[in-house]
file structure.txt (compact mmCIF, C-alpha atoms and all ligand atoms)
# COMPACT_ATOMS: atom_id res chain seq x y z
CA MET A 1 -40.63 15.25 16.73
CA SER A 2 -38.13 16.76 19.12
CA ILE A 3 -34.52 15.90 18.43
CA GLN A 4 -31.99 15.78 21.28
CA THR A 5 -29.64 12.90 20.57
CA VAL A 6 -27.79 12.65 17.28
CA SER A 7 -25.60 9.87 15.92
CA VAL A 8 -22.87 10.56 13.39
CA ILE A 9 -21.50 7.57 11.45
CA GLY A 10 -17.95 8.09 10.18
CA ALA A 11 -15.34 10.06 12.12
CA GLY A 12 -13.50 11.56 9.15
CA GLN A 13 -13.22 15.19 8.10
CA MET A 14 -16.99 15.65 7.63
CA GLY A 15 -18.09 13.45 10.55
CA ASN A 16 -15.94 15.24 13.11
CA GLY A 17 -17.10 18.63 11.83
CA ILE A 18 -20.75 17.57 12.06
CA ALA A 19 -20.25 16.19 15.59
CA HIS A 20 -18.54 19.49 16.52
CA VAL A 21 -21.44 21.75 15.42
CA PHE A 22 -24.16 19.55 16.97
CA ALA A 23 -22.36 19.32 20.33
CA LEU A 24 -21.80 23.09 20.29
CA SER A 25 -25.52 23.63 19.71
CA GLY A 26 -26.49 21.54 22.75
CA TYR A 27 -27.24 18.15 21.18
CA ASP A 28 -25.96 14.91 22.71
CA VAL A 29 -23.72 13.35 20.07
CA LEU A 30 -22.74 9.72 19.57
CA LEU A 31 -19.88 9.40 17.09
CA ASN A 32 -19.45 6.00 15.45
CA ASP A 33 -16.63 4.53 13.36
CA ILE A 34 -15.20 1.08 12.62
CA SER A 35 -11.79 2.27 13.84
CA GLN A 36 -11.00 3.28 17.43
CA ASP A 37 -7.98 5.21 16.14
CA ALA A 38 -10.25 7.23 13.84
CA LEU A 39 -12.58 7.99 16.77
CA ASN A 40 -9.66 9.12 18.96
CA ALA A 41 -8.28 11.28 16.14
CA ALA A 42 -11.72 12.84 15.56
CA VAL A 43 -12.18 13.76 19.23
CA ALA A 44 -8.68 15.30 19.27
CA GLN A 45 -9.50 17.25 16.08
CA ILE A 46 -12.79 18.54 17.52
CA ASP A 47 -10.91 19.62 20.63
CA ARG A 48 -8.37 21.53 18.48
CA ASN A 49 -11.07 23.17 16.35
CA LEU A 50 -13.08 24.23 19.42
CA GLU A 51 -9.88 25.58 20.97
CA ARG A 52 -9.34 27.65 17.82
CA GLN A 53 -12.81 29.15 18.38
CA VAL A 54 -11.94 29.85 22.06
CA SER A 55 -8.67 31.55 21.11
CA ARG A 56 -10.53 33.79 18.62
CA ASP A 57 -13.14 34.69 21.29
CA LYS A 58 -15.94 33.01 19.34
CA ILE A 59 -16.84 30.80 22.33
CA SER A 60 -15.82 30.62 26.00
CA ALA A 61 -13.72 27.84 27.55
CA GLU A 62 -16.86 26.74 29.50
CA ILE A 63 -18.88 26.38 26.31
CA LYS A 64 -16.07 24.37 24.77
CA ALA A 65 -15.91 22.07 27.81
CA ALA A 66 -19.70 21.59 27.75
CA ALA A 67 -19.59 20.72 24.02
CA MET A 68 -16.78 18.19 24.54
CA SER A 69 -18.72 16.57 27.41
CA ARG A 70 -21.70 15.99 25.10
CA ILE A 71 -19.68 13.85 22.66
CA ARG A 72 -19.44 10.09 23.18
CA THR A 73 -17.92 7.54 20.82
CA THR A 74 -18.73 3.93 19.95
CA MET A 75 -17.63 1.27 17.47
CA LYS A 76 -20.98 -0.57 17.73
CA LEU A 77 -23.84 0.37 15.40
CA ALA A 78 -26.26 -1.23 17.89
CA ASP A 79 -25.46 1.60 20.34
CA LEU A 80 -27.08 4.09 17.94
CA GLY A 81 -30.52 2.54 18.48
CA GLN A 82 -31.83 5.13 20.94
CA THR A 83 -30.91 8.28 19.02
CA ASP A 84 -33.44 10.63 17.40
CA LEU A 85 -31.45 11.47 14.28
CA VAL A 86 -28.73 9.56 12.44
CA ILE A 87 -26.31 11.27 10.05
CA GLU A 88 -24.25 8.90 7.93
CA ALA A 89 -20.95 10.52 6.89
CA ALA A 90 -18.93 7.45 5.94
CA THR A 91 -16.83 6.98 2.80
CA GLU A 92 -18.44 8.31 -0.39
CA ARG A 93 -19.08 4.82 -1.83
CA GLU A 94 -22.58 3.58 -2.35
CA SER A 95 -21.81 -0.04 -1.36
CA VAL A 96 -20.30 1.13 1.95
CA LYS A 97 -23.30 3.31 2.76
CA GLN A 98 -25.79 0.56 1.83
CA ALA A 99 -23.99 -1.95 4.06
CA ILE A 100 -24.06 0.49 7.00
CA PHE A 101 -27.80 1.14 6.60
CA GLU A 102 -28.52 -2.59 6.36
CA ASP A 103 -26.68 -3.27 9.63
CA LEU A 104 -28.08 -0.21 11.39
CA VAL A 105 -31.78 -0.23 10.58
CA PRO A 106 -32.81 -3.25 12.74
CA HIS A 107 -31.53 -1.37 15.82
CA LEU A 108 -33.43 1.90 15.21
CA ARG A 109 -36.68 3.07 16.76
CA PRO A 110 -39.41 3.55 14.13
CA GLU A 111 -39.49 7.35 14.58
CA THR A 112 -35.73 7.91 14.14
CA ILE A 113 -34.86 10.09 11.14
CA LEU A 114 -32.13 8.62 8.96
CA THR A 115 -29.95 10.90 6.81
CA SER A 116 -26.86 10.76 4.63
CA ASN A 117 -24.24 13.47 4.19
CA THR A 118 -23.57 12.12 0.70
CA SER A 119 -22.33 14.80 -1.68
CA SER A 120 -23.74 13.19 -4.81
CA ILE A 121 -25.37 9.74 -4.48
CA SER A 122 -29.12 9.35 -5.14
CA ILE A 123 -31.11 9.83 -1.92
CA THR A 124 -34.07 7.97 -3.40
CA ARG A 125 -31.90 4.93 -4.14
CA LEU A 126 -30.21 4.95 -0.70
CA ALA A 127 -33.63 5.38 0.99
CA SER A 128 -35.21 2.53 -0.98
CA ARG A 129 -32.87 0.01 0.66
CA THR A 130 -33.97 1.04 4.18
CA ASP A 131 -37.19 0.35 6.10
CA ARG A 132 -38.06 4.07 6.24
CA PRO A 133 -37.81 5.92 2.90
CA GLU A 134 -40.36 8.46 4.18
CA LYS A 135 -38.02 9.33 7.08
CA PHE A 136 -34.86 9.40 4.97
CA MET A 137 -33.15 12.55 3.64
CA GLY A 138 -29.97 13.97 2.21
CA PHE A 139 -28.32 16.23 4.82
CA HIS A 140 -25.30 17.72 3.09
CA PHE A 141 -22.83 19.79 5.11
CA MET A 142 -19.96 21.78 3.57
CA ASN A 143 -16.31 21.57 4.56
CA PRO A 144 -15.09 22.96 6.99
CA VAL A 145 -18.39 22.27 8.74
CA PRO A 146 -17.85 24.60 11.74
CA VAL A 147 -17.26 27.54 9.37
CA MET A 148 -19.53 27.04 6.35
CA GLN A 149 -23.03 28.51 6.61
CA LEU A 150 -24.86 26.22 4.17
CA VAL A 151 -26.57 22.86 4.59
CA GLU A 152 -28.20 21.31 1.51
CA LEU A 153 -31.44 19.44 2.26
CA ILE A 154 -32.39 16.81 -0.31
CA ARG A 155 -35.72 15.02 -0.26
CA GLY A 156 -35.97 11.59 -1.85
CA ILE A 157 -39.10 10.75 -3.80
CA ALA A 158 -40.75 9.28 -0.67
CA THR A 159 -39.55 11.75 2.01
CA ASP A 160 -42.52 13.07 4.00
CA GLU A 161 -43.15 16.70 5.00
CA PRO A 162 -42.72 16.25 8.80
CA THR A 163 -39.23 14.82 8.22
CA TYR A 164 -38.27 17.74 5.99
CA LYS A 165 -39.68 20.26 8.51
CA SER A 166 -37.80 18.58 11.39
CA LEU A 167 -34.50 18.84 9.55
CA LEU A 168 -35.19 22.44 8.57
CA ALA A 169 -35.65 23.24 12.29
CA VAL A 170 -32.43 21.36 13.14
CA VAL A 171 -30.48 23.42 10.58
CA GLU A 172 -31.84 26.63 12.13
CA SER A 173 -30.94 25.43 15.62
CA LEU A 174 -27.32 25.02 14.43
CA GLY A 175 -27.33 28.67 13.31
CA LYS A 176 -26.89 27.54 9.71
CA THR A 177 -28.96 28.13 6.57
CA ALA A 178 -30.66 25.45 4.49
CA ALA A 179 -31.02 25.33 0.71
CA SER A 180 -33.36 22.68 -0.69
CA ALA A 181 -32.28 20.66 -3.69
CA GLU A 182 -34.11 18.07 -5.74
CA ASP A 183 -32.66 14.58 -5.83
CA PHE A 184 -30.59 14.67 -9.04
CA PRO A 185 -26.89 13.77 -9.34
CA ALA A 186 -24.66 15.93 -7.10
CA PHE A 187 -27.62 18.18 -6.10
CA ILE A 188 -26.85 21.94 -6.37
CA VAL A 189 -23.44 22.77 -4.88
CA ASN A 190 -21.46 19.97 -6.45
CA ARG A 191 -23.39 20.07 -9.75
CA ILE A 192 -21.95 23.57 -10.20
CA LEU A 193 -18.70 23.44 -8.20
CA MET A 194 -17.24 20.17 -9.53
CA PRO A 195 -17.46 21.00 -13.25
CA MET A 196 -15.69 24.27 -12.39
CA ILE A 197 -12.91 22.40 -10.58
CA ASN A 198 -12.74 19.83 -13.41
CA GLU A 199 -12.47 22.68 -15.94
CA ALA A 200 -9.63 24.18 -13.89
CA VAL A 201 -7.82 20.81 -14.17
CA TYR A 202 -8.43 20.82 -17.96
CA THR A 203 -7.03 24.37 -18.05
CA LEU A 204 -3.88 23.02 -16.37
CA TYR A 205 -3.82 19.85 -18.54
CA GLU A 206 -4.02 21.87 -21.75
CA GLY A 207 -1.28 24.24 -20.60
CA VAL A 208 -3.47 27.33 -20.56
CA GLY A 209 -2.12 28.20 -17.12
CA SER A 210 0.10 26.86 -14.32
CA VAL A 211 -1.29 25.80 -10.93
CA ASP A 212 -0.21 29.15 -9.56
CA SER A 213 -1.73 31.28 -12.33
CA ILE A 214 -5.05 29.36 -12.40
CA ASP A 215 -5.56 29.72 -8.64
CA LYS A 216 -4.39 33.33 -8.62
CA ALA A 217 -6.72 34.17 -11.53
CA MET A 218 -9.79 32.73 -9.83
CA LYS A 219 -8.98 34.06 -6.35
CA LEU A 220 -8.24 37.60 -7.40
CA GLY A 221 -10.43 37.68 -10.52
CA THR A 222 -13.62 36.27 -9.01
CA ASN A 223 -13.09 36.80 -5.26
CA HIS A 224 -13.17 33.10 -4.38
CA PRO A 225 -11.52 32.47 -0.97
CA MET A 226 -9.48 29.62 -2.49
CA GLY A 227 -8.42 28.93 -6.08
CA PRO A 228 -10.12 25.89 -7.69
CA LEU A 229 -7.01 23.67 -7.52
CA GLU A 230 -6.33 24.61 -3.90
CA LEU A 231 -9.99 23.89 -3.16
CA ALA A 232 -9.79 20.52 -4.97
CA ASP A 233 -6.83 19.56 -2.74
CA PHE A 234 -8.83 20.71 0.30
CA ILE A 235 -11.89 18.60 -0.65
CA GLY A 236 -9.78 15.59 -1.76
CA LEU A 237 -9.09 14.70 -5.40
CA ASP A 238 -10.64 11.23 -4.94
CA THR A 239 -13.89 12.86 -3.80
CA CYS A 240 -13.79 15.32 -6.74
CA LEU A 241 -13.28 12.43 -9.19
CA ALA A 242 -16.03 10.34 -7.57
CA ILE A 243 -18.49 13.24 -7.90
CA MET A 244 -17.53 13.86 -11.56
CA ASN A 245 -18.15 10.15 -12.23
CA VAL A 246 -21.59 10.38 -10.58
CA LEU A 247 -22.42 13.38 -12.81
CA HIS A 248 -21.04 11.67 -15.95
CA ASP A 249 -22.85 8.38 -15.30
CA GLY A 250 -26.04 9.87 -13.90
CA LEU A 251 -26.61 12.57 -16.52
CA ALA A 252 -24.98 10.71 -19.45
CA ASP A 253 -23.53 13.92 -20.88
CA THR A 254 -19.92 14.14 -22.11
CA LYS A 255 -19.61 17.65 -20.69
CA TYR A 256 -19.07 15.98 -17.30
CA ARG A 257 -16.15 13.75 -18.39
CA PRO A 258 -13.46 13.78 -15.69
CA CYS A 259 -10.18 15.33 -16.83
CA PRO A 260 -7.53 12.60 -17.43
CA LEU A 261 -5.09 14.62 -15.32
CA LEU A 262 -7.47 14.45 -12.34
CA THR A 263 -7.65 10.67 -12.81
CA LYS A 264 -3.85 10.49 -12.99
CA TYR A 265 -3.39 12.36 -9.70
CA VAL A 266 -5.88 10.03 -8.00
CA GLU A 267 -4.15 6.95 -9.47
CA ALA A 268 -0.84 8.27 -8.10
CA GLY A 269 -2.40 8.52 -4.63
CA TRP A 270 -1.85 12.31 -4.74
CA LEU A 271 -5.23 13.07 -3.22
CA GLY A 272 -4.55 16.58 -1.90
CA ARG A 273 -3.95 17.83 1.62
CA LYS A 274 -4.91 14.59 3.33
CA THR A 275 -2.08 12.64 1.63
CA GLY A 276 0.42 15.51 1.66
CA ARG A 277 0.40 15.99 -2.12
CA GLY A 278 -2.06 16.97 -4.83
CA PHE A 279 -1.90 20.01 -7.08
CA TYR A 280 0.33 21.34 -4.29
CA ASP A 281 2.98 19.59 -2.21
CA TYR A 282 2.17 20.18 1.47
CA ARG A 283 5.15 18.36 2.96
CA GLY A 284 7.25 21.48 3.50
CA GLU A 285 6.62 24.75 5.34
CA THR A 286 4.46 26.28 2.61
CA PRO A 287 2.52 24.53 -0.19
CA VAL A 288 4.47 24.29 -3.47
CA PRO A 289 2.71 23.70 -6.84
CA THR A 290 3.40 20.22 -8.25
CA ARG A 291 3.14 21.49 -11.88
N1 LIG B 1 -13.11 24.56 12.75
C1 LIG B 1 -13.40 25.73 13.34
N2 LIG B 1 -13.07 26.93 12.83
C2 LIG B 1 -12.37 26.94 11.68
C3 LIG B 1 -11.99 25.75 11.01
C4 LIG B 1 -12.41 24.54 11.59
N3 LIG B 1 -12.14 23.36 11.01
N4 LIG B 1 -11.32 26.09 9.88
C5 LIG B 1 -11.25 27.43 9.85
N5 LIG B 1 -11.89 27.94 10.92
C6 LIG B 1 -12.16 29.35 11.22
C7 LIG B 1 -10.96 30.10 11.69
O1 LIG B 1 -10.84 30.01 13.09
C8 LIG B 1 -11.29 31.52 11.26
O2 LIG B 1 -12.21 32.10 12.16
P1 LIG B 1 -12.35 33.73 12.33
O3 LIG B 1 -12.76 34.25 11.01
O4 LIG B 1 -13.39 33.84 13.39
O5 LIG B 1 -11.01 34.21 12.76
C9 LIG B 1 -12.00 31.31 9.93
O6 LIG B 1 -12.50 29.97 9.97
C10 LIG B 1 -11.09 31.50 8.77
O7 LIG B 1 -10.00 30.59 8.91
P2 LIG B 1 -8.48 30.98 8.63
O8 LIG B 1 -8.22 32.41 8.99
O9 LIG B 1 -7.62 29.93 9.26
O10 LIG B 1 -8.30 30.73 7.09
P3 LIG B 1 -8.92 31.43 5.86
O11 LIG B 1 -9.31 32.82 6.09
O12 LIG B 1 -7.95 31.10 4.79
O13 LIG B 1 -10.28 30.62 5.62
C11 LIG B 1 -11.58 28.83 4.81
C12 LIG B 1 -10.30 29.23 5.52
C13 LIG B 1 -12.79 29.18 5.69
C14 LIG B 1 -11.52 27.31 4.65
C15 LIG B 1 -11.70 29.60 3.44
O14 LIG B 1 -10.51 29.45 2.72
C16 LIG B 1 -12.84 29.12 2.59
O15 LIG B 1 -13.99 29.50 2.78
N6 LIG B 1 -12.54 28.27 1.58
C17 LIG B 1 -13.54 27.69 0.69
C18 LIG B 1 -14.20 26.53 1.37
C19 LIG B 1 -15.26 25.89 0.52
O16 LIG B 1 -15.56 26.28 -0.59
N7 LIG B 1 -15.87 24.85 1.07
C20 LIG B 1 -16.88 24.09 0.37
C21 LIG B 1 -16.23 22.94 -0.27
S1 LIG B 1 -17.42 22.03 -1.17
C22 LIG B 1 -18.07 21.00 -0.07
O17 LIG B 1 -17.73 20.93 1.07
C23 LIG B 1 -19.11 20.14 -0.62
C24 LIG B 1 -18.68 18.79 -1.03
O18 LIG B 1 -19.49 17.89 -0.96
C25 LIG B 1 -17.37 18.51 -1.64
call {"tool": "encode", "arguments": {"input": "structure.txt", "output": "structure tokens"}}
result
Amino acid sequence: MSIQTVSVIGAGQMGNGIAHVFALSGYDVLLNDISQDALNAAVAQIDRNLERQVSRDKISAEIKAAAMSRIRTTMKLADLGQTDLVIEAATERESVKQAIFEDLVPHLRPETILTSNTSSISITRLASRTDRPEKFMGFHFMNPVPVMQLVELIRGIATDEPTYKSLLAVVESLGKTAASAEDFPAFIVNRILMPMINEAVYTLYEGVGSVDSIDKAMKLGTNHPMGPLELADFIGLDTCLAIMNVLHDGLADTKYRPCPLLTKYVEAGWLGRKTGRGFYDYRGETPVPTR
């Protein structure tokens, strides 16, 4: 089917990035959230990120204006009924996602493709609670969405081939590259990335290295653009912990046990950049290690 209108549910870091890339690629975007403040903040963020692309000569001011004009916002799930593709990018909690799908599905046309940007939750299980498991897929973007090339495509057990092919074409139309993953806990990227981040936290916890030396070692020793602790702060320590718990519970292997220090940071509310403190303190001019 041809896809022209896209709904994005959740106006957070991922949702605004997804809305940004779809609008820039010519899709009409409807951004939904339960908070008007979150919607306003997302539109302002998209504007800033597009402006950054204008100032670096990646796009023209006209292209930016056209992209902004294609984005509309709504707080009502019922308004999403006429869209061709829905991308759920709400909080990474299964109960929240299930509740959204339950409220949304009665408003959708039968042919609408329903997807989740979940970074770790079972696509088959999410799909099974909807009226369209064959038209349901995992559609996993990386952060920051406007910059990262990859999109993970995850088929649930019931996903049909036309749905998969449609999403593959959508990924290409965004100028991004798809990698297909089977529906097992945390798929490919987070199955590999999160244990590495968790191991970096253990390395800190056991005193093998300081925040500074761990990040320096991995940046300069393995050419990663960010050190693992800096990256954890960027992703959000609550998200990192949630994904480790999905791996630990879903694969029942002690090698995935979350580091107690990661749990402690999350319990303190030190969730990384978004709360101003994590493995680094971001409240001053430059980030300062907190250990
Ligand atoms: N919107 C638009 N453009 C953006 C942007 C945004 N939000 N953020 C950065 N950019 C652009 C900049 O304009 C710049 O563009 P040019 O190269 O054209 O000049 C480019 O990205 C690089 O940005 P900066 O120069 O500001 O900063 P940098 O060189 O330090 O790079 C980074 C920043 C791209 C984030 C880089 O540090 C990086 O790649 N980090 C690793 C990110 C990563 O691993 N992401 C995946 C996380 S895992 C995940 O997302 C999955 C999950 O489920 C948890």
call {"tool": "residues_near_ligand", "arguments": {"input": "structure.txt", "ligand": "ligand LIG 1 (chain B)", "cutoff": "9 Å", "atoms": "all atoms listed in the file", "output": "PyMOL selection string"}}
result
chain A and resi 13-14+17+20+45-46+48-53+55-58+117-120+140-148+186+189-190+193-194+224-228+231-232+234-236+239-240+243
call {"tool": "residues_around", "arguments": {"input": "structure.txt", "residues": "Pro185 (chain A)", "least_positions_apart": "3", "cutoff": "12 Å", "atoms": "all atoms listed in the file", "output": "ChimeraX atom specification"}}
result
/A:118-125,138,154,156,181-182,188-192,194,242-252,256
call {"tool": "write_last_selection", "arguments": {"input": "structure.txt", "atoms": "C-alpha atoms", "output": "PDB file, keeping the file's coordinate frame"}}
result
ATOM      1  CA  THR A 118     -23.570  12.120   0.700  1.00  0.00           C
ATOM      2  CA  SER A 119     -22.330  14.800  -1.680  1.00  0.00           C
ATOM      3  CA  SER A 120     -23.740  13.190  -4.810  1.00  0.00           C
ATOM      4  CA  ILE A 121     -25.370   9.740  -4.480  1.00  0.00           C
ATOM      5  CA  SER A 122     -29.120   9.350  -5.140  1.00  0.00           C
ATOM      6  CA  ILE A 123     -31.110   9.830  -1.920  1.00  0.00           C
ATOM      7  CA  THR A 124     -34.070   7.970  -3.400  1.00  0.00           C
ATOM      8  CA  ARG A 125     -31.900   4.930  -4.140  1.00  0.00           C
ATOM      9  CA  GLY A 138     -29.970  13.970   2.210  1.00  0.00           C
ATOM     10  CA  ILE A 154     -32.390  16.810  -0.310  1.00  0.00           C
ATOM     11  CA  GLY A 156     -35.970  11.590  -1.850  1.00  0.00           C
ATOM     12  CA  ALA A 181     -32.280  20.660  -3.690  1.00  0.00           C
ATOM     13  CA  GLU A 182     -34.110  18.070  -5.740  1.00  0.00           C
ATOM     14  CA  ILE A 188     -26.850  21.940  -6.370  1.00  0.00           C
ATOM     15  CA  VAL A 189     -23.440  22.770  -4.880  1.00  0.00           C
ATOM     16  CA  ASN A 190     -21.460  19.970  -6.450  1.00  0.00           C
ATOM     17  CA  ARG A 191     -23.390  20.070  -9.750  1.00  0.00           C
ATOM     18  CA  ILE A 192     -21.950  23.570 -10.200  1.00  0.00           C
ATOM     19  CA  MET A 194     -17.240  20.170  -9.530  1.00  0.00           C
ATOM     20  CA  ALA A 242     -16.030  10.340  -7.570  1.00  0.00           C
ATOM     21  CA  ILE A 243     -18.490  13.240  -7.900  1.00  0.00           C
ATOM     22  CA  MET A 244     -17.530  13.860 -11.560  1.00  0.00           C
ATOM     23  CA  ASN A 245     -18.150  10.150 -12.230  1.00  0.00           C
ATOM     24  CA  VAL A 246     -21.590  10.380 -10.580  1.00  0.00           C
ATOM     25  CA  LEU A 247     -22.420  13.380 -12.810  1.00  0.00           C
ATOM     26  CA  HIS A 248     -21.040  11.670 -15.950  1.00  0.00           C
ATOM     27  CA  ASP A 249     -22.850   8.380 -15.300  1.00  0.00           C
ATOM     28  CA  GLY A 250     -26.040   9.870 -13.900  1.00  0.00           C
ATOM     29  CA  LEU A 251     -26.610  12.570 -16.520  1.00  0.00           C
ATOM     30  CA  ALA A 252     -24.980  10.710 -19.450  1.00  0.00           C
ATOM     31  CA  TYR A 256     -19.070  15.980 -17.300  1.00  0.00           C
TER      32      TYR A 256
END
call {"tool": "atom_distance", "arguments": {"input": "structure.txt", "atom1": "CA of Lys97 (chain A)", "atom2": "CA of Glu172 (chain A)"}}
result
26.5 Å
call {"tool": "atom_distance", "arguments": {"input": "structure.txt", "atom1": "CA of Glu152 (chain A)", "atom2": "CA of Ala19 (chain A)"}}
result
17.0 Å
call {"tool": "atom_distance", "arguments": {"input": "structure.txt", "atom1": "CA of Val211 (chain A)", "atom2": "CA of Pro289 (chain A)"}}
result
6.1 Å
call {"tool": "closest_residue", "arguments": {"input": "structure.txt", "among": "A:Glu206, A:Ser7, A:Leu126, A:Met68", "to": "Gly26 (chain A)", "atoms": "all atoms listed in the file"}}
result
A:Met68
call {"tool": "closest_residue", "arguments": {"input": "structure.txt", "among": "A:Leu108, A:Leu85, A:Ala217, A:Ile3", "to": "Ala169 (chain A)", "atoms": "only C-alpha atoms"}}
result
A:Ile3
call {"tool": "residues_around", "arguments": {"input": "structure.txt", "residues": "Val86 (chain A)", "least_positions_apart": "3", "cutoff": "8 Å", "atoms": "all atoms listed in the file", "output": "PDB file with C-alpha atoms, keeping the file's coordinate frame"}}
result
ATOM      1  CA  VAL A   6     -27.790  12.650  17.280  1.00  0.00           C
ATOM      2  CA  SER A   7     -25.600   9.870  15.920  1.00  0.00           C
ATOM      3  CA  VAL A   8     -22.870  10.560  13.390  1.00  0.00           C
ATOM      4  CA  ILE A   9     -21.500   7.570  11.450  1.00  0.00           C
ATOM      5  CA  LEU A  80     -27.080   4.090  17.940  1.00  0.00           C
ATOM      6  CA  THR A  83     -30.910   8.280  19.020  1.00  0.00           C
ATOM      7  CA  THR A 112     -35.730   7.910  14.140  1.00  0.00           C
ATOM      8  CA  ILE A 113     -34.860  10.090  11.140  1.00  0.00           C
ATOM      9  CA  LEU A 114     -32.130   8.620   8.960  1.00  0.00           C
ATOM     10  CA  THR A 115     -29.950  10.900   6.810  1.00  0.00           C
TER      11      THR A 115
END
call {"tool": "closest_residue", "arguments": {"input": "structure.txt", "among": "A:Asn40, A:Thr5, A:Thr74, A:Ser180", "to": "Lys165 (chain A)", "atoms": "only C-alpha atoms"}}
result
A:Ser180
